[in-house]
$ cat protein_7.csv   # CSV, C-alpha atoms
chain,number,residue,atom,x,y,z
A,30,MET,CA,73.8,-110.0,-77.3
A,31,LYS,CA,73.6,-111.7,-73.9
A,32,THR,CA,70.3,-112.3,-72.1
A,33,ARG,CA,71.5,-110.2,-69.2
A,34,THR,CA,72.3,-107.2,-71.5
A,35,LYS,CA,68.9,-107.5,-73.2
A,36,ARG,CA,67.1,-107.5,-69.9
A,37,GLY,CA,69.1,-104.5,-68.8
A,38,LEU,CA,68.2,-102.6,-72.0
A,39,ILE,CA,64.5,-103.5,-71.5
A,40,VAL,CA,64.5,-102.2,-67.9
A,41,LEU,CA,66.4,-99.1,-68.9
A,42,GLY,CA,63.9,-98.5,-71.8
A,43,GLY,CA,61.0,-99.0,-69.4
A,44,LEU,CA,62.4,-96.5,-66.9
A,45,ALA,CA,62.9,-94.0,-69.7
A,46,ALA,CA,59.3,-94.4,-70.8
A,47,LEU,CA,58.1,-94.0,-67.3
A,48,GLY,CA,60.1,-90.8,-66.8
A,49,VAL,CA,58.8,-89.3,-70.1
A,50,ALA,CA,55.2,-90.2,-69.1
A,51,SER,CA,55.7,-88.7,-65.6
A,52,ALA,CA,57.1,-85.5,-67.1
A,53,LEU,CA,54.1,-85.1,-69.4
A,54,VAL,CA,51.6,-85.7,-66.6
A,55,LEU,CA,53.3,-83.2,-64.4
A,56,SER,CA,53.5,-80.6,-67.2
A,57,ALA,CA,49.8,-81.0,-67.9
A,58,PHE,CA,49.0,-80.7,-64.2
A,59,GLN,CA,51.1,-77.5,-63.9
A,60,ASP,CA,49.3,-75.9,-66.8
A,61,ASN,CA,45.9,-76.5,-65.4
A,62,LEU,CA,46.7,-75.5,-61.8
A,63,VAL,CA,44.7,-72.5,-60.8
A,64,PHE,CA,45.1,-70.8,-57.4
A,65,PHE,CA,42.6,-68.5,-55.5
A,66,PHE,CA,43.5,-64.9,-54.5
A,67,SER,CA,41.6,-62.1,-52.8
A,68,PRO,CA,41.7,-58.5,-54.0
A,69,SER,CA,44.1,-57.6,-51.2
A,70,GLN,CA,46.5,-60.4,-52.3
A,71,VAL,CA,46.3,-59.2,-55.9
A,72,VAL,CA,47.1,-55.6,-54.9
A,73,ALA,CA,50.0,-56.9,-52.8
A,74,ARG,CA,51.3,-58.6,-56.0
A,75,GLU,CA,51.0,-62.1,-54.6
A,76,ALA,CA,49.0,-63.2,-57.6
A,77,PRO,CA,50.8,-64.6,-60.7
A,78,GLN,CA,51.5,-62.3,-63.6
A,79,GLY,CA,50.6,-63.6,-67.0
A,80,ARG,CA,48.9,-66.8,-65.6
A,81,ALA,CA,45.3,-67.6,-64.9
A,82,PHE,CA,44.1,-67.5,-61.3
A,83,ARG,CA,40.8,-67.2,-59.4
A,84,LEU,CA,39.8,-63.9,-57.9
A,85,GLY,CA,37.1,-63.9,-55.2
A,86,GLY,CA,35.2,-61.6,-53.0
A,87,LEU,CA,32.0,-59.6,-53.0
A,88,VAL,CA,30.5,-57.8,-56.0
A,89,GLU,CA,30.7,-54.1,-55.0
A,90,GLN,CA,27.4,-52.3,-54.7
A,91,GLY,CA,26.7,-50.0,-57.7
A,92,SER,CA,29.6,-51.3,-59.7
A,93,VAL,CA,27.9,-53.5,-62.3
A,94,GLN,CA,27.9,-51.9,-65.8
A,95,ARG,CA,26.4,-53.8,-68.7
A,96,ALA,CA,27.1,-53.0,-72.3
A,97,SER,CA,23.9,-52.3,-74.3
A,98,ASP,CA,25.1,-53.9,-77.5
A,99,SER,CA,26.9,-57.0,-76.3
A,100,LEU,CA,27.3,-59.5,-73.4
A,101,MET,CA,30.2,-57.4,-72.0
A,102,VAL,CA,29.8,-56.6,-68.3
A,103,GLN,CA,32.2,-54.8,-66.0
A,104,PHE,CA,32.0,-54.9,-62.2
A,105,VAL,CA,34.3,-54.6,-59.1
A,106,VAL,CA,35.2,-57.4,-56.7
A,107,THR,CA,36.1,-56.3,-53.2
A,108,ASP,CA,37.2,-58.0,-50.0
A,109,GLY,CA,36.3,-54.9,-47.9
A,110,ALA,CA,39.9,-53.7,-47.9
A,111,GLN,CA,40.9,-53.6,-51.7
A,112,SER,CA,38.9,-53.7,-54.9
A,113,ILE,CA,39.7,-55.1,-58.4
A,114,PRO,CA,37.8,-54.2,-61.6
A,115,VAL,CA,36.7,-57.2,-63.6
A,116,ARG,CA,35.6,-57.4,-67.2
A,117,TYR,CA,33.6,-60.4,-68.5
A,118,SER,CA,32.0,-61.2,-71.8
A,119,GLY,CA,29.3,-63.9,-71.5
A,120,LEU,CA,26.2,-64.9,-69.6
A,121,LEU,CA,26.3,-64.3,-65.9
A,122,PRO,CA,25.0,-66.9,-63.4
A,123,ASP,CA,21.4,-66.4,-62.3
A,124,MET,CA,22.6,-65.8,-58.7
A,125,PHE,CA,25.0,-63.0,-59.7
A,126,ARG,CA,24.1,-59.9,-57.7
A,127,GLU,CA,25.7,-56.8,-56.2
A,128,GLY,CA,26.8,-57.4,-52.6
A,129,LYS,CA,26.9,-61.2,-53.1
A,130,GLY,CA,29.9,-63.5,-53.2
A,131,VAL,CA,31.6,-64.3,-56.5
A,132,VAL,CA,34.6,-66.2,-57.8
A,133,THR,CA,36.0,-65.3,-61.2
A,134,GLN,CA,38.7,-67.1,-63.1
A,135,GLY,CA,40.9,-65.3,-65.6
A,136,ARG,CA,44.0,-63.1,-66.0
A,137,LEU,CA,45.1,-59.7,-64.7
A,138,ASP,CA,46.4,-57.3,-67.3
A,139,GLU,CA,49.2,-54.7,-66.9
A,140,HIS,CA,46.6,-52.0,-66.0
A,141,GLY,CA,45.1,-53.9,-63.1
A,142,LEU,CA,42.0,-55.0,-64.9
A,143,PHE,CA,41.0,-58.6,-64.4
A,144,HIS,CA,39.7,-60.3,-67.6
A,145,ALA,CA,37.5,-63.1,-66.5
A,146,ASP,CA,36.9,-66.2,-68.6
A,147,GLN,CA,34.5,-67.7,-66.0
A,148,VAL,CA,32.2,-66.2,-63.3
A,149,LEU,CA,30.8,-68.4,-60.5
A,150,ALA,CA,28.2,-67.0,-58.1
A,151,LYS,CA,27.1,-68.4,-54.8
A,152,HIS,CA,24.0,-70.7,-54.8
A,153,ASP,CA,21.8,-69.2,-52.1
A,154,GLU,CA,21.7,-66.5,-49.4
A,155,ASN,CA,23.3,-68.6,-46.7
A,156,TYR,CA,26.4,-69.8,-48.6
A,157,THR,CA,29.6,-68.0,-49.4
A,158,PRO,CA,32.5,-70.0,-51.0
A,159,ARG,CA,35.0,-71.0,-48.3
A,160,GLU,CA,37.9,-69.2,-50.1
A,161,VAL,CA,35.8,-65.9,-50.3
A,162,GLU,CA,34.8,-66.1,-46.7
A,163,GLY,CA,38.4,-66.7,-45.6
A,164,ALA,CA,39.6,-63.8,-47.7
A,165,LEU,CA,36.9,-61.5,-46.4
A,166,GLN,CA,37.7,-62.4,-42.8
A,167,SER,CA,41.5,-61.9,-43.3
A,168,ALA,CA,40.8,-58.5,-44.8
A,169,GLY,CA,38.7,-57.6,-41.7
A,170,TYR,CA,35.4,-57.3,-43.5
A,171,THR,CA,32.2,-58.2,-41.7
A,172,PRO,CA,29.2,-58.4,-43.9
A,173,PRO,CA,26.0,-56.7,-42.8
A,174,LEU,CA,23.4,-59.0,-41.2
A,175,PRO,CA,20.4,-59.9,-43.3
A,176,ALA,CA,17.1,-58.1,-42.5
A,177,GLY,CA,15.3,-59.9,-39.7
A,178,ASP,CA,18.4,-61.6,-38.3
A,179,PRO,CA,18.2,-61.4,-34.5
A,180,ARG,CA,22.0,-61.5,-33.9
$ encode --input "protein_7.csv" --output "structure tokens"
Amino acid sequence: MKTRTKRGLIVLGGLAALGVASALVLSAFQDNLVFFFSPSQVVAREAPQGRAFRLGGLVEQGSVQRASDSLMVQFVVTDGAQSIPVRYSGLLPDMFREGKGVVTQGRLDEHGLFHADQVLAKHDENYTPREVEGALQSAGYTPPLPAGDPR
């Protein structure tokens, strides 16, 4: 075999290996890609069916129901225009409260119930996740002012 042919085969093999490695990286990236949706977007069927995504909004007042014999909790996430029921089994963050911002990650079932694998709550009274704030504003929701706020 000529030196030129050997060099061509090595270059071709290197390109094939690079292509396979790129395909594997892109496949892993696609599997771990999680998008954020508001309850209005979920109701409008903009959220993926059968894939994990993030749902964010406010925990609806009076909607938190805890099971007495397990860590199962059910609550409703709203953006002021639409609401989605959420079921989660596990420990909730310390800052999880009704009327406060929350981002959940999980899947929507065929009955419209969101099964959360993870629940993230805001960290203090002055912060709302950027995605949640944008979703609330686009839904036309204006949160009530805190007590003592002069605005």
$ residues_around --input "protein_7.csv" --residues "Ser112 (chain A)" --least-positions-apart "3" --cutoff "9 Å" --atoms "only C-alpha atoms" --output "list in words"
Pro68, Ser69, Val72, Gly86, Glu89, Val105, Val106, Thr107, Asp108 and Gly109 of chain A
$ atom_distance --input "protein_7.csv" --atom1 "CA of Phe104 (chain A)" --atom2 "CA of Ser92 (chain A)"
5.0 Å
$ atom_distance --input "protein_7.csv" --atom1 "CA of Val132 (chain A)" --atom2 "CA of Ala57 (chain A)"
23.5 Å
$ closest_atom_pairs --input "protein_7.csv" --of "region 47-112 of chain A" --to "region 118-124 of chain A" --cutoff "12 Å" --atoms "all atoms listed in the file" --output "Markdown table"
| residue | atom | partner | partner_atom | distance |
| --- | --- | --- | --- | --- |
| A:Val88 | CA | A:Met124 | CA | 11.6 |
| A:Val93 | CA | A:Leu121 | CA | 11.5 |
| A:Gln94 | CA | A:Ser118 | CA | 11.8 |
| A:Arg95 | CA | A:Ser118 | CA | 9.8 |
| A:Ala96 | CA | A:Ser118 | CA | 9.6 |
| A:Asp98 | CA | A:Ser118 | CA | 11.5 |
| A:Ser99 | CA | A:Ser118 | CA | 8.0 |
| A:Leu100 | CA | A:Gly119 | CA | 5.2 |
| A:Met101 | CA | A:Ser118 | CA | 4.2 |
| A:Val102 | CA | A:Ser118 | CA | 6.2 |
| A:Gln103 | CA | A:Ser118 | CA | 8.6 |
| A:Phe104 | CA | A:Ser118 | CA | 11.5 |
$ atom_distance --input "protein_7.csv" --atom1 "CA of Leu87 (chain A)" --atom2 "CA of Pro114 (chain A)"
11.7 Å
$ closest_residue --input "protein_7.csv" --among "A:Gly43, A:Leu165, A:Thr133, A:Gly128" --to "Gly91 (chain A)" --atoms "all atoms listed in the file"
A:Gly128
$ closest_residue --input "protein_7.csv" --among "A:Arg136, A:Gln111, A:Ser51, A:Gln166" --to "Gln70 (chain A)" --atoms "only C-alpha atoms"
A:Gln111
$ closest_residue --input "protein_7.csv" --among "A:Leu149, A:Leu38, A:Ala81, A:Ala45" --to "Lys129 (chain A)" --atoms "only C-alpha atoms"
A:Leu149
$ build_atoms --input "protein_7.csv" --residues "region 96-107 of chain A" --atoms "all heavy atoms" --output "mmCIF file, keeping the file's coordinate frame"
data_model
loop_
_atom_site.group_PDB
_atom_site.id
_atom_site.type_symbol
_atom_site.label_atom_id
_atom_site.label_comp_id
_atom_site.auth_asym_id
_atom_site.auth_seq_id
_atom_site.Cartn_x
_atom_site.Cartn_y
_atom_site.Cartn_z
ATOM 1 N N ALA A 96 27.090 -53.567 -71.018
ATOM 2 C CA ALA A 96 27.100 -53.000 -72.300
ATOM 3 C C ALA A 96 25.717 -53.188 -72.976
ATOM 4 O O ALA A 96 25.139 -54.275 -72.839
ATOM 5 C CB ALA A 96 28.180 -53.569 -73.211
ATOM 6 N N SER A 97 25.200 -52.185 -73.659
ATOM 7 C CA SER A 97 23.900 -52.300 -74.300
ATOM 8 C C SER A 97 23.866 -53.119 -75.544
ATOM 9 O O SER A 97 22.835 -53.652 -75.941
ATOM 10 C CB SER A 97 23.288 -50.920 -74.522
ATOM 11 O OG SER A 97 24.142 -50.221 -75.417
ATOM 12 N N ASP A 98 25.012 -53.227 -76.197
ATOM 13 C CA ASP A 98 25.100 -53.900 -77.500
ATOM 14 C C ASP A 98 25.799 -55.239 -77.501
ATOM 15 O O ASP A 98 26.002 -55.822 -78.547
ATOM 16 C CB ASP A 98 25.715 -52.961 -78.519
ATOM 17 C CG ASP A 98 27.126 -52.567 -78.116
ATOM 18 O OD1 ASP A 98 27.490 -52.749 -76.941
ATOM 19 O OD2 ASP A 98 27.867 -52.069 -78.984
ATOM 20 N N SER A 99 26.188 -55.726 -76.329
ATOM 21 C CA SER A 99 26.900 -57.000 -76.300
ATOM 22 C C SER A 99 26.696 -57.651 -74.898
ATOM 23 O O SER A 99 25.992 -57.115 -74.045
ATOM 24 C CB SER A 99 28.396 -56.813 -76.534
ATOM 25 O OG SER A 99 29.002 -56.124 -75.457
ATOM 26 N N LEU A 100 27.336 -58.774 -74.693
ATOM 27 C CA LEU A 100 27.300 -59.500 -73.400
ATOM 28 C C LEU A 100 28.356 -59.009 -72.443
ATOM 29 O O LEU A 100 28.553 -59.617 -71.395
ATOM 30 C CB LEU A 100 27.371 -60.982 -73.616
ATOM 31 C CG LEU A 100 26.213 -61.629 -74.356
ATOM 32 C CD1 LEU A 100 26.507 -63.107 -74.604
ATOM 33 C CD2 LEU A 100 24.926 -61.468 -73.578
ATOM 34 N N MET A 101 29.061 -57.943 -72.797
ATOM 35 C CA MET A 101 30.200 -57.400 -72.000
ATOM 36 C C MET A 101 29.596 -56.815 -70.687
ATOM 37 O O MET A 101 28.639 -56.039 -70.718
ATOM 38 C CB MET A 101 30.962 -56.388 -72.735
ATOM 39 C CG MET A 101 32.163 -55.857 -71.985
ATOM 40 S SD MET A 101 33.461 -57.072 -71.745
ATOM 41 C CE MET A 101 33.967 -57.357 -73.406
ATOM 42 N N VAL A 102 30.182 -57.193 -69.566
ATOM 43 C CA VAL A 102 29.800 -56.600 -68.300
ATOM 44 C C VAL A 102 31.074 -56.317 -67.507
ATOM 45 O O VAL A 102 32.069 -57.031 -67.616
ATOM 46 C CB VAL A 102 28.869 -57.590 -67.482
ATOM 47 C CG1 VAL A 102 29.572 -58.877 -67.132
ATOM 48 C CG2 VAL A 102 28.342 -56.936 -66.232
ATOM 49 N N GLN A 103 31.044 -55.214 -66.787
ATOM 50 C CA GLN A 103 32.200 -54.800 -66.000
ATOM 51 C C GLN A 103 31.656 -54.609 -64.543
ATOM 52 O O GLN A 103 30.597 -54.000 -64.350
ATOM 53 C CB GLN A 103 32.856 -53.574 -66.496
ATOM 54 C CG GLN A 103 34.178 -53.301 -65.834
ATOM 55 C CD GLN A 103 35.044 -52.357 -66.660
ATOM 56 O OE1 GLN A 103 34.933 -52.288 -67.873
ATOM 57 N NE2 GLN A 103 35.911 -51.632 -65.989
ATOM 58 N N PHE A 104 32.405 -55.104 -63.556
ATOM 59 C CA PHE A 104 32.000 -54.900 -62.200
ATOM 60 C C PHE A 104 33.285 -54.932 -61.318
ATOM 61 O O PHE A 104 34.382 -55.155 -61.816
ATOM 62 C CB PHE A 104 31.050 -56.049 -61.711
ATOM 63 C CG PHE A 104 31.543 -57.446 -61.923
ATOM 64 C CD1 PHE A 104 32.207 -58.137 -60.911
ATOM 65 C CD2 PHE A 104 31.346 -58.091 -63.138
ATOM 66 C CE1 PHE A 104 32.660 -59.432 -61.110
ATOM 67 C CE2 PHE A 104 31.790 -59.388 -63.338
ATOM 68 C CZ PHE A 104 32.448 -60.054 -62.320
ATOM 69 N N VAL A 105 33.127 -54.662 -60.029
ATOM 70 C CA VAL A 105 34.300 -54.600 -59.100
ATOM 71 C C VAL A 105 34.101 -55.661 -58.049
ATOM 72 O O VAL A 105 33.032 -55.809 -57.468
ATOM 73 C CB VAL A 105 34.354 -53.182 -58.470
ATOM 74 C CG1 VAL A 105 35.472 -53.121 -57.453
ATOM 75 C CG2 VAL A 105 34.549 -52.119 -59.545
ATOM 76 N N VAL A 106 35.184 -56.398 -57.802
ATOM 77 C CA VAL A 106 35.200 -57.400 -56.700
ATOM 78 C C VAL A 106 36.018 -56.834 -55.589
ATOM 79 O O VAL A 106 37.114 -56.317 -55.778
ATOM 80 C CB VAL A 106 35.859 -58.729 -57.241
ATOM 81 C CG1 VAL A 106 36.019 -59.715 -56.095
ATOM 82 C CG2 VAL A 106 35.031 -59.336 -58.352
ATOM 83 N N THR A 107 35.452 -56.909 -54.386
ATOM 84 C CA THR A 107 36.100 -56.300 -53.200
ATOM 85 C C THR A 107 36.147 -57.358 -52.074
ATOM 86 O O THR A 107 35.325 -58.263 -52.024
ATOM 87 C CB THR A 107 35.391 -55.059 -52.744
ATOM 88 O OG1 THR A 107 36.109 -54.492 -51.661
ATOM 89 C CG2 THR A 107 33.969 -55.336 -52.318
#
